[in-house]
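Visitor: PDB, C-alpha atoms, pLDDT in the B column, saved as coords.pdb, coming up:
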```pdb
ATOM      1  CA  GLY A   1     -22.193 -55.773 -91.248  1.00 78.00           C
ATOM      2  CA  GLN A   2     -21.794 -55.118 -87.550  1.00 86.00           C
ATOM      3  CA  ASN A   3     -19.102 -53.251 -85.620  1.00 90.00           C
ATOM      4  CA  ILE A   4     -18.708 -52.690 -81.891  1.00 96.00           C
ATOM      5  CA  ASP A   5     -16.374 -50.346 -80.025  1.00 96.00           C
ATOM      6  CA  GLN A   6     -15.600 -50.486 -76.301  1.00 97.00           C
ATOM      7  CA  PRO A   7     -12.797 -49.032 -74.178  1.00 97.00           C
ATOM      8  CA  THR A   8     -10.042 -51.570 -73.646  1.00 96.00           C
ATOM      9  CA  GLU A   9      -9.464 -51.066 -69.925  1.00 97.00           C
ATOM     10  CA  MET A  10     -10.930 -49.189 -66.974  1.00 97.00           C
ATOM     11  CA  THR A  11      -9.999 -48.926 -63.317  1.00 98.00           C
ATOM     12  CA  ALA A  12     -12.367 -48.018 -60.488  1.00 97.00           C
ATOM     13  CA  THR A  13     -12.360 -48.036 -56.712  1.00 97.00           C
ATOM     14  CA  GLU A  14     -14.227 -50.492 -54.525  1.00 97.00           C
ATOM     15  CA  GLY A  15     -17.603 -49.047 -53.500  1.00 97.00           C
ATOM     16  CA  ALA A  16     -17.708 -46.584 -56.403  1.00 98.00           C
ATOM     17  CA  ILE A  17     -19.863 -46.460 -59.553  1.00 97.00           C
ATOM     18  CA  VAL A  18     -18.459 -47.153 -63.009  1.00 98.00           C
ATOM     19  CA  GLN A  19     -19.996 -46.783 -66.464  1.00 98.00           C
ATOM     20  CA  ILE A  20     -18.742 -48.956 -69.320  1.00 98.00           C
ATOM     21  CA  ASN A  21     -19.672 -47.638 -72.751  1.00 98.00           C
ATOM     22  CA  CYS A  22     -20.355 -49.479 -75.986  1.00 98.00           C
ATOM     23  CA  THR A  23     -20.980 -47.909 -79.393  1.00 98.00           C
ATOM     24  CA  TYR A  24     -22.097 -49.945 -82.330  1.00 96.00           C
ATOM     25  CA  GLN A  25     -22.961 -49.899 -86.011  1.00 94.00           C
ATOM     26  CA  THR A  26     -25.272 -52.467 -87.528  1.00 90.00           C
ATOM     27  CA  SER A  27     -27.299 -52.905 -90.699  1.00 86.00           C
ATOM     28  CA  GLY A  28     -30.313 -53.898 -88.617  1.00 86.00           C
ATOM     29  CA  PHE A  29     -30.926 -53.821 -84.883  1.00 87.00           C
ATOM     30  CA  ASN A  30     -32.222 -56.766 -82.866  1.00 86.00           C
ATOM     31  CA  GLY A  31     -31.146 -55.898 -79.349  1.00 92.00           C
ATOM     32  CA  LEU A  32     -27.848 -55.735 -77.504  1.00 94.00           C
ATOM     33  CA  PHE A  33     -26.331 -58.068 -74.940  1.00 95.00           C
ATOM     34  CA  TRP A  34     -23.895 -57.515 -72.093  1.00 97.00           C
ATOM     35  CA  TYR A  35     -21.829 -60.410 -70.769  1.00 97.00           C
ATOM     36  CA  GLN A  36     -19.365 -60.596 -67.884  1.00 97.00           C
ATOM     37  CA  GLN A  37     -16.248 -62.727 -68.248  1.00 96.00           C
ATOM     38  CA  HIS A  38     -13.808 -63.429 -65.443  1.00 95.00           C
ATOM     39  CA  ALA A  39     -10.280 -64.315 -66.516  1.00 92.00           C
ATOM     40  CA  GLY A  40     -10.112 -67.858 -67.871  1.00 88.00           C
ATOM     41  CA  GLU A  41     -13.839 -68.426 -67.495  1.00 90.00           C
ATOM     42  CA  ALA A  42     -16.902 -68.439 -69.741  1.00 90.00           C
ATOM     43  CA  PRO A  43     -18.905 -65.313 -70.512  1.00 94.00           C
ATOM     44  CA  THR A  44     -22.007 -65.101 -68.335  1.00 95.00           C
ATOM     45  CA  PHE A  45     -25.170 -63.268 -69.361  1.00 94.00           C
ATOM     46  CA  LEU A  46     -25.866 -59.940 -67.667  1.00 96.00           C
ATOM     47  CA  SER A  47     -28.516 -58.144 -69.706  1.00 94.00           C
ATOM     48  CA  TYR A  48     -30.366 -57.813 -72.991  1.00 93.00           C
ATOM     49  CA  ASN A  49     -31.779 -54.469 -74.152  1.00 94.00           C
ATOM     50  CA  VAL A  50     -33.986 -54.040 -77.187  1.00 92.00           C
ATOM     51  CA  LEU A  51     -35.887 -50.869 -76.246  1.00 94.00           C
ATOM     52  CA  ASP A  52     -34.433 -47.472 -75.393  1.00 96.00           C
ATOM     53  CA  GLY A  53     -33.911 -46.621 -71.773  1.00 96.00           C
ATOM     54  CA  LEU A  54     -32.407 -47.905 -68.585  1.00 96.00           C
ATOM     55  CA  GLU A  55     -33.007 -51.386 -67.193  1.00 94.00           C
ATOM     56  CA  GLU A  56     -31.967 -51.981 -63.627  1.00 94.00           C
ATOM     57  CA  LYS A  57     -31.042 -55.353 -62.213  1.00 91.00           C
ATOM     58  CA  GLY A  58     -29.637 -55.114 -58.722  1.00 94.00           C
ATOM     59  CA  ARG A  59     -26.234 -53.419 -58.719  1.00 96.00           C
ATOM     60  CA  PHE A  60     -26.050 -53.627 -62.515  1.00 97.00           C
ATOM     61  CA  SER A  61     -28.035 -51.473 -64.932  1.00 97.00           C
ATOM     62  CA  SER A  62     -27.893 -51.330 -68.718  1.00 97.00           C
ATOM     63  CA  PHE A  63     -28.883 -48.418 -70.938  1.00 97.00           C
ATOM     64  CA  LEU A  64     -29.668 -48.293 -74.626  1.00 97.00           C
ATOM     65  CA  SER A  65     -30.111 -45.495 -77.147  1.00 97.00           C
ATOM     66  CA  ARG A  66     -30.909 -46.953 -80.560  1.00 95.00           C
ATOM     67  CA  SER A  67     -30.826 -43.577 -82.320  1.00 95.00           C
ATOM     68  CA  LYS A  68     -27.284 -42.965 -81.093  1.00 96.00           C
ATOM     69  CA  GLY A  69     -26.016 -46.536 -81.510  1.00 96.00           C
ATOM     70  CA  TYR A  70     -24.952 -46.434 -77.886  1.00 96.00           C
ATOM     71  CA  SER A  71     -25.260 -48.537 -74.766  1.00 98.00           C
ATOM     72  CA  TYR A  72     -23.670 -48.522 -71.363  1.00 98.00           C
ATOM     73  CA  LEU A  73     -23.405 -50.842 -68.410  1.00 98.00           C
ATOM     74  CA  LEU A  74     -23.551 -49.184 -65.006  1.00 98.00           C
ATOM     75  CA  LEU A  75     -22.083 -50.988 -62.022  1.00 98.00           C
ATOM     76  CA  LYS A  76     -22.859 -49.601 -58.569  1.00 97.00           C
ATOM     77  CA  GLU A  77     -21.268 -50.312 -55.188  1.00 97.00           C
ATOM     78  CA  LEU A  78     -18.319 -51.931 -56.864  1.00 98.00           C
ATOM     79  CA  GLN A  79     -16.892 -55.061 -55.286  1.00 98.00           C
ATOM     80  CA  MET A  80     -13.520 -56.686 -55.873  1.00 97.00           C
ATOM     81  CA  LYS A  81     -15.292 -59.640 -57.516  1.00 97.00           C
ATOM     82  CA  ASP A  82     -16.544 -57.276 -60.244  1.00 98.00           C
ATOM     83  CA  SER A  83     -13.016 -57.235 -61.684  1.00 98.00           C
ATOM     84  CA  ALA A  84     -13.636 -58.892 -65.049  1.00 98.00           C
ATOM     85  CA  SER A  85     -14.031 -58.197 -68.746  1.00 97.00           C
ATOM     86  CA  TYR A  86     -17.388 -56.841 -69.854  1.00 98.00           C
ATOM     87  CA  LEU A  87     -18.422 -57.772 -73.369  1.00 97.00           C
ATOM     88  CA  CYS A  88     -20.949 -55.945 -75.496  1.00 97.00           C
ATOM     89  CA  ALA A  89     -22.537 -58.151 -78.173  1.00 96.00           C
ATOM     90  CA  LEU A  90     -24.999 -57.795 -81.027  1.00 94.00           C
ATOM     91  CA  PRO A  91     -27.252 -60.574 -82.250  1.00 89.00           C
ATOM     92  CA  PRO A  92     -27.920 -60.728 -85.972  1.00 83.00           C
ATOM     93  CA  TYR A  93     -30.834 -58.667 -87.206  1.00 76.00           C
ATOM     94  CA  SER A  94     -34.041 -60.360 -88.294  1.00 71.00           C
ATOM     95  CA  GLY A  95     -33.768 -61.715 -91.792  1.00 70.00           C
ATOM     96  CA  ALA A  96     -29.990 -61.956 -91.689  1.00 70.00           C
ATOM     97  CA  GLY A  97     -30.207 -65.748 -91.781  1.00 72.00           C
ATOM     98  CA  SER A  98     -27.708 -65.996 -88.979  1.00 77.00           C
ATOM     99  CA  TYR A  99     -27.745 -66.672 -85.258  1.00 78.00           C
ATOM    100  CA  GLN A 100     -24.212 -65.762 -84.308  1.00 86.00           C
ATOM    101  CA  LEU A 101     -23.391 -63.096 -81.756  1.00 91.00           C
ATOM    102  CA  THR A 102     -20.905 -60.407 -82.774  1.00 93.00           C
ATOM    103  CA  PHE A 103     -18.817 -59.404 -79.765  1.00 95.00           C
ATOM    104  CA  GLY A 104     -16.788 -56.340 -79.009  1.00 96.00           C
ATOM    105  CA  LYS A 105     -13.245 -56.849 -77.751  1.00 96.00           C
ATOM    106  CA  GLY A 106     -14.413 -56.335 -74.191  1.00 96.00           C
ATOM    107  CA  THR A 107     -13.577 -53.828 -71.481  1.00 98.00           C
ATOM    108  CA  LYS A 108     -11.280 -55.118 -68.758  1.00 97.00           C
ATOM    109  CA  LEU A 109     -12.379 -53.597 -65.452  1.00 98.00           C
ATOM    110  CA  SER A 110     -10.000 -53.594 -62.513  1.00 98.00           C
ATOM    111  CA  VAL A 111     -11.489 -52.781 -59.113  1.00 98.00           C
ATOM    112  CA  ILE A 112      -8.933 -51.506 -56.630  1.00 97.00           C
ATOM    113  CA  PRO A 113      -9.302 -51.184 -52.840  1.00 95.00           C
TER     114      PRO A 113
ATOM    115  CA  ASP B 114     -29.837 -78.220 -65.007  1.00 55.00           C
ATOM    116  CA  THR B 115     -26.066 -78.044 -64.696  1.00 77.00           C
ATOM    117  CA  GLY B 116     -25.415 -75.637 -67.562  1.00 92.00           C
ATOM    118  CA  VAL B 117     -23.201 -76.093 -70.583  1.00 95.00           C
ATOM    119  CA  SER B 118     -20.232 -78.381 -70.014  1.00 95.00           C
ATOM    120  CA  GLN B 119     -17.084 -78.817 -72.082  1.00 97.00           C
ATOM    121  CA  ASP B 120     -14.343 -81.403 -72.049  1.00 97.00           C
ATOM    122  CA  PRO B 121     -11.409 -81.223 -71.712  1.00 97.00           C
ATOM    123  CA  ARG B 122     -10.880 -77.909 -69.961  1.00 96.00           C
ATOM    124  CA  HIS B 123      -7.284 -77.728 -71.067  1.00 97.00           C
ATOM    125  CA  LYS B 124      -5.388 -79.358 -73.910  1.00 98.00           C
ATOM    126  CA  ILE B 125      -1.722 -79.126 -74.825  1.00 98.00           C
ATOM    127  CA  THR B 126      -0.697 -80.684 -78.103  1.00 98.00           C
ATOM    128  CA  LYS B 127       2.151 -80.638 -80.562  1.00 97.00           C
ATOM    129  CA  ARG B 128       1.837 -78.977 -83.927  1.00 97.00           C
ATOM    130  CA  GLY B 129       0.458 -81.367 -86.524  1.00 97.00           C
ATOM    131  CA  GLN B 130      -1.576 -83.457 -84.078  1.00 98.00           C
ATOM    132  CA  ASN B 131      -5.360 -83.776 -84.183  1.00 98.00           C
ATOM    133  CA  VAL B 132      -7.523 -82.728 -81.249  1.00 98.00           C
ATOM    134  CA  THR B 133     -11.208 -83.186 -80.458  1.00 98.00           C
ATOM    135  CA  PHE B 134     -13.318 -81.209 -77.999  1.00 98.00           C
ATOM    136  CA  ARG B 135     -16.727 -82.081 -76.657  1.00 98.00           C
ATOM    137  CA  CYS B 136     -19.617 -79.857 -75.650  1.00 98.00           C
ATOM    138  CA  ASP B 137     -22.755 -80.887 -73.763  1.00 97.00           C
ATOM    139  CA  PRO B 138     -25.397 -78.153 -74.000  1.00 96.00           C
ATOM    140  CA  ILE B 139     -28.207 -77.407 -71.597  1.00 94.00           C
ATOM    141  CA  SER B 140     -30.538 -80.350 -72.108  1.00 91.00           C
ATOM    142  CA  GLU B 141     -33.588 -78.601 -73.531  1.00 88.00           C
ATOM    143  CA  HIS B 142     -31.609 -76.306 -75.835  1.00 92.00           C
ATOM    144  CA  ASN B 143     -31.948 -76.967 -79.547  1.00 92.00           C
ATOM    145  CA  ARG B 144     -29.290 -74.486 -80.720  1.00 92.00           C
ATOM    146  CA  LEU B 145     -25.577 -74.941 -80.219  1.00 95.00           C
ATOM    147  CA  TYR B 146     -22.703 -72.632 -81.149  1.00 95.00           C
ATOM    148  CA  TRP B 147     -18.921 -72.801 -81.203  1.00 97.00           C
ATOM    149  CA  TYR B 148     -16.790 -69.699 -80.723  1.00 97.00           C
ATOM    150  CA  ARG B 149     -13.056 -69.098 -80.489  1.00 96.00           C
ATOM    151  CA  GLN B 150     -11.481 -66.488 -78.233  1.00 96.00           C
ATOM    152  CA  THR B 151      -7.910 -65.270 -78.120  1.00 95.00           C
ATOM    153  CA  LEU B 152      -6.345 -63.101 -75.444  1.00 91.00           C
ATOM    154  CA  GLY B 153      -7.717 -59.576 -75.355  1.00 90.00           C
ATOM    155  CA  GLN B 154     -10.420 -60.280 -77.913  1.00 93.00           C
ATOM    156  CA  GLY B 155     -14.093 -61.064 -77.735  1.00 94.00           C
ATOM    157  CA  PRO B 156     -15.352 -64.490 -78.820  1.00 95.00           C
ATOM    158  CA  GLU B 157     -15.472 -65.034 -82.589  1.00 95.00           C
ATOM    159  CA  PHE B 158     -18.165 -67.199 -84.110  1.00 94.00           C
ATOM    160  CA  LEU B 159     -17.148 -70.498 -85.704  1.00 95.00           C
ATOM    161  CA  THR B 160     -20.285 -72.537 -86.374  1.00 95.00           C
ATOM    162  CA  TYR B 161     -23.926 -73.078 -85.416  1.00 93.00           C
ATOM    163  CA  PHE B 162     -26.209 -76.112 -85.144  1.00 94.00           C
ATOM    164  CA  GLN B 163     -29.946 -76.259 -84.907  1.00 91.00           C
ATOM    165  CA  ASN B 164     -30.682 -79.717 -83.591  1.00 92.00           C
ATOM    166  CA  GLU B 165     -28.382 -81.967 -85.621  1.00 92.00           C
ATOM    167  CA  ALA B 166     -28.135 -79.703 -88.663  1.00 92.00           C
ATOM    168  CA  GLN B 167     -25.083 -77.478 -89.113  1.00 92.00           C
ATOM    169  CA  LEU B 168     -26.685 -74.340 -90.520  1.00 90.00           C
ATOM    170  CA  GLU B 169     -23.934 -71.765 -90.410  1.00 89.00           C
ATOM    171  CA  LYS B 170     -20.139 -71.786 -90.673  1.00 90.00           C
ATOM    172  CA  SER B 171     -17.746 -68.876 -90.376  1.00 90.00           C
ATOM    173  CA  ARG B 172     -14.978 -68.278 -92.885  1.00 86.00           C
ATOM    174  CA  LEU B 173     -12.718 -68.750 -89.844  1.00 82.00           C
ATOM    175  CA  LEU B 174     -13.602 -72.447 -89.975  1.00 85.00           C
ATOM    176  CA  SER B 175     -10.943 -73.730 -92.337  1.00 89.00           C
ATOM    177  CA  ASP B 176     -11.069 -77.207 -93.843  1.00 93.00           C
ATOM    178  CA  ARG B 177      -8.940 -78.441 -90.920  1.00 96.00           C
ATOM    179  CA  PHE B 178     -11.894 -77.823 -88.614  1.00 96.00           C
ATOM    180  CA  SER B 179     -14.970 -80.017 -88.488  1.00 96.00           C
ATOM    181  CA  ALA B 180     -17.906 -80.018 -86.117  1.00 96.00           C
ATOM    182  CA  GLU B 181     -20.701 -82.488 -85.577  1.00 96.00           C
ATOM    183  CA  ARG B 182     -23.806 -82.811 -83.501  1.00 96.00           C
ATOM    184  CA  PRO B 183     -24.909 -86.314 -84.440  1.00 91.00           C
ATOM    185  CA  LYS B 184     -28.069 -86.733 -82.383  1.00 87.00           C
ATOM    186  CA  GLY B 185     -28.890 -83.123 -81.743  1.00 86.00           C
ATOM    187  CA  SER B 186     -27.502 -83.329 -78.231  1.00 91.00           C
ATOM    188  CA  PHE B 187     -23.729 -83.101 -77.585  1.00 96.00           C
ATOM    189  CA  SER B 188     -21.353 -81.704 -80.165  1.00 97.00           C
ATOM    190  CA  THR B 189     -17.713 -82.299 -81.060  1.00 98.00           C
ATOM    191  CA  LEU B 190     -15.216 -79.930 -82.647  1.00 98.00           C
ATOM    192  CA  GLU B 191     -12.180 -81.514 -84.255  1.00 97.00           C
ATOM    193  CA  ILE B 192      -9.072 -79.705 -85.411  1.00 97.00           C
ATOM    194  CA  GLN B 193      -6.789 -81.671 -87.728  1.00 97.00           C
ATOM    195  CA  ARG B 194      -3.083 -80.947 -88.237  1.00 97.00           C
ATOM    196  CA  THR B 195      -3.056 -78.301 -85.519  1.00 97.00           C
ATOM    197  CA  GLU B 196      -1.032 -75.131 -85.997  1.00 96.00           C
ATOM    198  CA  GLN B 197       0.314 -72.740 -83.389  1.00 96.00           C
ATOM    199  CA  GLY B 198      -2.240 -70.175 -84.550  1.00 95.00           C
ATOM    200  CA  ASP B 199      -4.995 -72.512 -83.355  1.00 96.00           C
ATOM    201  CA  SER B 200      -4.010 -71.816 -79.750  1.00 97.00           C
ATOM    202  CA  ALA B 201      -7.082 -70.197 -78.196  1.00 96.00           C
ATOM    203  CA  MET B 202     -10.020 -70.757 -75.888  1.00 97.00           C
ATOM    204  CA  TYR B 203     -12.782 -72.700 -77.643  1.00 97.00           C
ATOM    205  CA  LEU B 204     -16.181 -71.826 -76.246  1.00 97.00           C
ATOM    206  CA  CYS B 205     -19.434 -73.655 -76.712  1.00 97.00           C
ATOM    207  CA  ALA B 206     -22.802 -71.990 -76.142  1.00 96.00           C
ATOM    208  CA  SER B 207     -26.388 -73.156 -76.331  1.00 94.00           C
ATOM    209  CA  SER B 208     -29.819 -71.592 -76.472  1.00 92.00           C
ATOM    210  CA  PHE B 209     -33.445 -72.468 -77.008  1.00 89.00           C
ATOM    211  CA  GLY B 210     -35.053 -70.773 -79.931  1.00 78.00           C
ATOM    212  CA  ALA B 211     -38.051 -71.106 -82.191  1.00 68.00           C
ATOM    213  CA  GLY B 212     -38.361 -69.471 -85.582  1.00 59.00           C
ATOM    214  CA  GLY B 213     -36.600 -66.138 -85.803  1.00 52.00           C
ATOM    215  CA  SER B 214     -36.789 -65.357 -82.106  1.00 51.00           C
ATOM    216  CA  GLN B 215     -33.804 -63.787 -80.378  1.00 65.00           C
ATOM    217  CA  GLU B 216     -32.741 -65.727 -77.338  1.00 81.00           C
ATOM    218  CA  THR B 217     -29.869 -65.672 -74.852  1.00 89.00           C
ATOM    219  CA  GLN B 218     -26.848 -67.853 -75.482  1.00 92.00           C
ATOM    220  CA  TYR B 219     -25.384 -69.566 -72.418  1.00 94.00           C
ATOM    221  CA  PHE B 220     -21.704 -70.396 -72.513  1.00 95.00           C
ATOM    222  CA  GLY B 221     -19.702 -73.333 -71.242  1.00 95.00           C
ATOM    223  CA  PRO B 222     -16.382 -72.956 -69.399  1.00 93.00           C
ATOM    224  CA  GLY B 223     -14.361 -73.422 -72.556  1.00 96.00           C
ATOM    225  CA  THR B 224     -11.466 -75.607 -73.641  1.00 97.00           C
ATOM    226  CA  ARG B 225      -8.112 -73.856 -73.610  1.00 96.00           C
ATOM    227  CA  LEU B 226      -5.902 -75.216 -76.391  1.00 98.00           C
ATOM    228  CA  LEU B 227      -2.155 -74.679 -76.530  1.00 97.00           C
ATOM    229  CA  VAL B 228      -0.316 -75.877 -79.619  1.00 98.00           C
ATOM    230  CA  LEU B 229       3.436 -76.205 -79.136  1.00 97.00           C
TER     231      LEU B 229
END
```
Rewrite the coordinates I just gave you, this time as structure tokens.
Guide:
Amino acid sequence: GQNIDQPTEMTATEGAIVQINCTYQTSGFNGLFWYQQHAGEAPTFLSYNVLDGLEEKGRFSSFLSRSKGYSYLLLKELQMKDSASYLCALPPYSGAGSYQLTFGKGTKLSVIP
Amino acid sequence: DTGVSQDPRHKITKRGQNVTFRCDPISEHNRLYWYRQTLGQGPEFLTYFQNEAQLEKSRLLSDRFSAERPKGSFSTLEIQRTEQGDSAMYLCASSFGAGGSQETQYFGPGTRLLVL
């Protein structure tokens, strides 16, 4: 099976840096996704990590440690529009015979002036 | 490419009524998924199609729920005899995949269902 744990809520100040953590347990690992979801809208793809290390993409970076079952999303130079839920998700492992994503409950980030 | 679209965006119905939602995936995507999301939770998987074949169904998909993708393009999700517990956001996603490859799922805007 698969299990994901994320903090429920975080608050950060405009212009600051925030790190959103995700820990997971899975019978087999096939990468990890991060999605952003604004209230009432669809999740939008942010990143996919399958190898250990940090991947940077503009103001957003995502880190993975497979040995620790741990990932984080790093948001720099926070803007008010970054206020959203951030969802960590696991795809099924190879051979599972499934294609569904398993999502965490999401971390609701509030950016304050 | 206009992305995944869903219709309607909002639906209010009375308990016991039937409702049907439509999803149009990204045109070249062969895989289509339905998820359900309630407030404060992440999306939960309901069912998956590869082309027109429904290959996976969650235990969440009771016999009141049925999904189709008749020509391997758009899909419909029908809920019969709706219950208040069916109130949720219903999300459709699509992806292009071949074999066992892992690909990104792209989500539509969702249909928000409220059962009174």
Visitor: Can you tell me, as a list in words, what residues are no more than 8 Å from Gln163 (chain B) when counting all atoms listed in the file, ignoring any on the same chain fewer than 6 positions away?
Guide: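 Counting only the stated atoms, we get Asn143, Arg144, Leu145 and Gly185 of chain B.
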Visitor: What are the residues of chain B that have an atom within 6 Å of an atom of chain A, counting all atoms listed in the file, as a list in words?
Guide: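 Taken together, these residues fit the definition: Gln154, Gly155, Phe220, Gly221 and Pro222 of chain B.
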Visitor: Can you turn the PyMOL selection byres ((chain B and resi 207) around 10) into a concrete residue list for this file, as a tab-separated table (two decimals) with C-alpha atoms, keeping the file's coordinate frame?
Guide:
```
chain	number	residue	atom	x	y	z
B	116	GLY	CA	-25.42	-75.64	-67.56
B	117	VAL	CA	-23.20	-76.09	-70.58
B	136	CYS	CA	-19.62	-79.86	-75.65
B	137	ASP	CA	-22.76	-80.89	-73.76
B	138	PRO	CA	-25.40	-78.15	-74.00
B	139	ILE	CA	-28.21	-77.41	-71.60
B	140	SER	CA	-30.54	-80.35	-72.11
B	141	GLU	CA	-33.59	-78.60	-73.53
B	142	HIS	CA	-31.61	-76.31	-75.83
B	143	ASN	CA	-31.95	-76.97	-79.55
B	144	ARG	CA	-29.29	-74.49	-80.72
B	145	LEU	CA	-25.58	-74.94	-80.22
B	146	TYR	CA	-22.70	-72.63	-81.15
B	147	TRP	CA	-18.92	-72.80	-81.20
B	161	TYR	CA	-23.93	-73.08	-85.42
B	162	PHE	CA	-26.21	-76.11	-85.14
B	163	GLN	CA	-29.95	-76.26	-84.91
B	205	CYS	CA	-19.43	-73.66	-76.71
B	206	ALA	CA	-22.80	-71.99	-76.14
B	208	SER	CA	-29.82	-71.59	-76.47
B	209	PHE	CA	-33.44	-72.47	-77.01
B	210	GLY	CA	-35.05	-70.77	-79.93
B	216	GLU	CA	-32.74	-65.73	-77.34
B	217	THR	CA	-29.87	-65.67	-74.85
B	218	GLN	CA	-26.85	-67.85	-75.48
B	219	TYR	CA	-25.38	-69.57	-72.42
B	220	PHE	CA	-21.70	-70.40	-72.51
B	221	GLY	CA	-19.70	-73.33	-71.24
```
Visitor: With distances taken over only C-alpha atoms, which residue among B:Asn131, B:Thr126, B:Asn164, B:Thr115 lies nearest Gln193 (chain B)?
Guide: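 The answer is B:Asn131, which sits nearest to Gln193 (chain B).
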Visitor: Residues around (-31.5, -57.1, -61.7), cut-off 12 Å, counting only C-alpha atoms - what are they as an mmCIF file with C-alpha atoms, in the frame of the given file?
Guide:
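Produced file out39.cif, reproduced below:
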```cif
data_model
loop_
_atom_site.group_PDB
_atom_site.id
_atom_site.type_symbol
_atom_site.label_atom_id
_atom_site.label_comp_id
_atom_site.auth_asym_id
_atom_site.auth_seq_id
_atom_site.Cartn_x
_atom_site.Cartn_y
_atom_site.Cartn_z
ATOM 1 C CA PHE A 45 -25.170 -63.268 -69.361
ATOM 2 C CA LEU A 46 -25.866 -59.940 -67.667
ATOM 3 C CA SER A 47 -28.516 -58.144 -69.706
ATOM 4 C CA TYR A 48 -30.366 -57.813 -72.991
ATOM 5 C CA LEU A 54 -32.407 -47.905 -68.585
ATOM 6 C CA GLU A 55 -33.007 -51.386 -67.193
ATOM 7 C CA GLU A 56 -31.967 -51.981 -63.627
ATOM 8 C CA LYS A 57 -31.042 -55.353 -62.213
ATOM 9 C CA GLY A 58 -29.637 -55.114 -58.722
ATOM 10 C CA ARG A 59 -26.234 -53.419 -58.719
ATOM 11 C CA PHE A 60 -26.050 -53.627 -62.515
ATOM 12 C CA SER A 61 -28.035 -51.473 -64.932
ATOM 13 C CA SER A 62 -27.893 -51.330 -68.718
ATOM 14 C CA LEU A 74 -23.551 -49.184 -65.006
ATOM 15 C CA LEU A 75 -22.083 -50.988 -62.022
ATOM 16 C CA LYS A 76 -22.859 -49.601 -58.569
#
```
Visitor: Might you pull out every residue within 8 Å of region 121-123 of chain B, with only C-alpha atoms counted and same-chain residues fewer than 3 positions away left off, and present them as number ranges by chain?
Guide: B: 134-135, 222-226
Visitor: Could you tell me, as a ChimeraX atom specification, exactly which residues end up selected when the PyMOL selection byres ((chain B and resi 191) around 9) is applied to this structure?
Guide: /B:131-135,177-181,189-190,192-193
Visitor: Given the choices A:Thr11, A:Thr23, A:Gln2, A:Ser71, which gets closest to Ser83 (chain A) if the distance is worked out from only C-alpha atoms?
Guide: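 Ranking A:Thr11, A:Thr23, A:Gln2, A:Ser71 by distance to Ser83 (chain A), first place goes to A:Thr11.
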Visitor: State, in Å with one decimal place, the distance from CA of Gln197 (chain B) to CA of Val228 (chain B).
Guide: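 These two atoms are separated by 4.9 Å.
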Visitor: Just want the 9 Å neighbourhood of Lys170 (chain B), counted on all atoms listed in the file, with same-chain residues fewer than 6 positions away dropped. Output as a ChimeraX atom specification.
Guide: /B:158-161
Visitor: With 5 Å of padding per side, what axis-aligned box (centre and edge lengths, Å, one decimal) covers all the listed atoms of region 201-210 of chain B? Give it as AutoDock Vina command-line options.
Guide:
```
--center_x -21.1 --center_y -71.9 --center_z -77.9 --size_x 38.0 --size_y 13.5 --size_z 14.0
```
Visitor: When the PyMOL selection byres ((chain A and resi 112) around 10) is applied to the structure above, which residues does it catch, written out as a list of chain:residue names?
Guide: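 Output of the PyMOL selection byres ((chain A and resi 112) around 10): A:Thr11, A:Ala12, A:Thr13, A:Glu14, A:Gly15, A:Leu78, A:Gln79, A:Met80, A:Ser83, A:Leu109, A:Ser110, A:Val111, A:Pro113.
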Visitor: Mind giving me the straight-line distance from CA of Gln6 (chain A) to CA of Glu77 (chain A) in Å, one decimal?
Guide: 21.9 Å
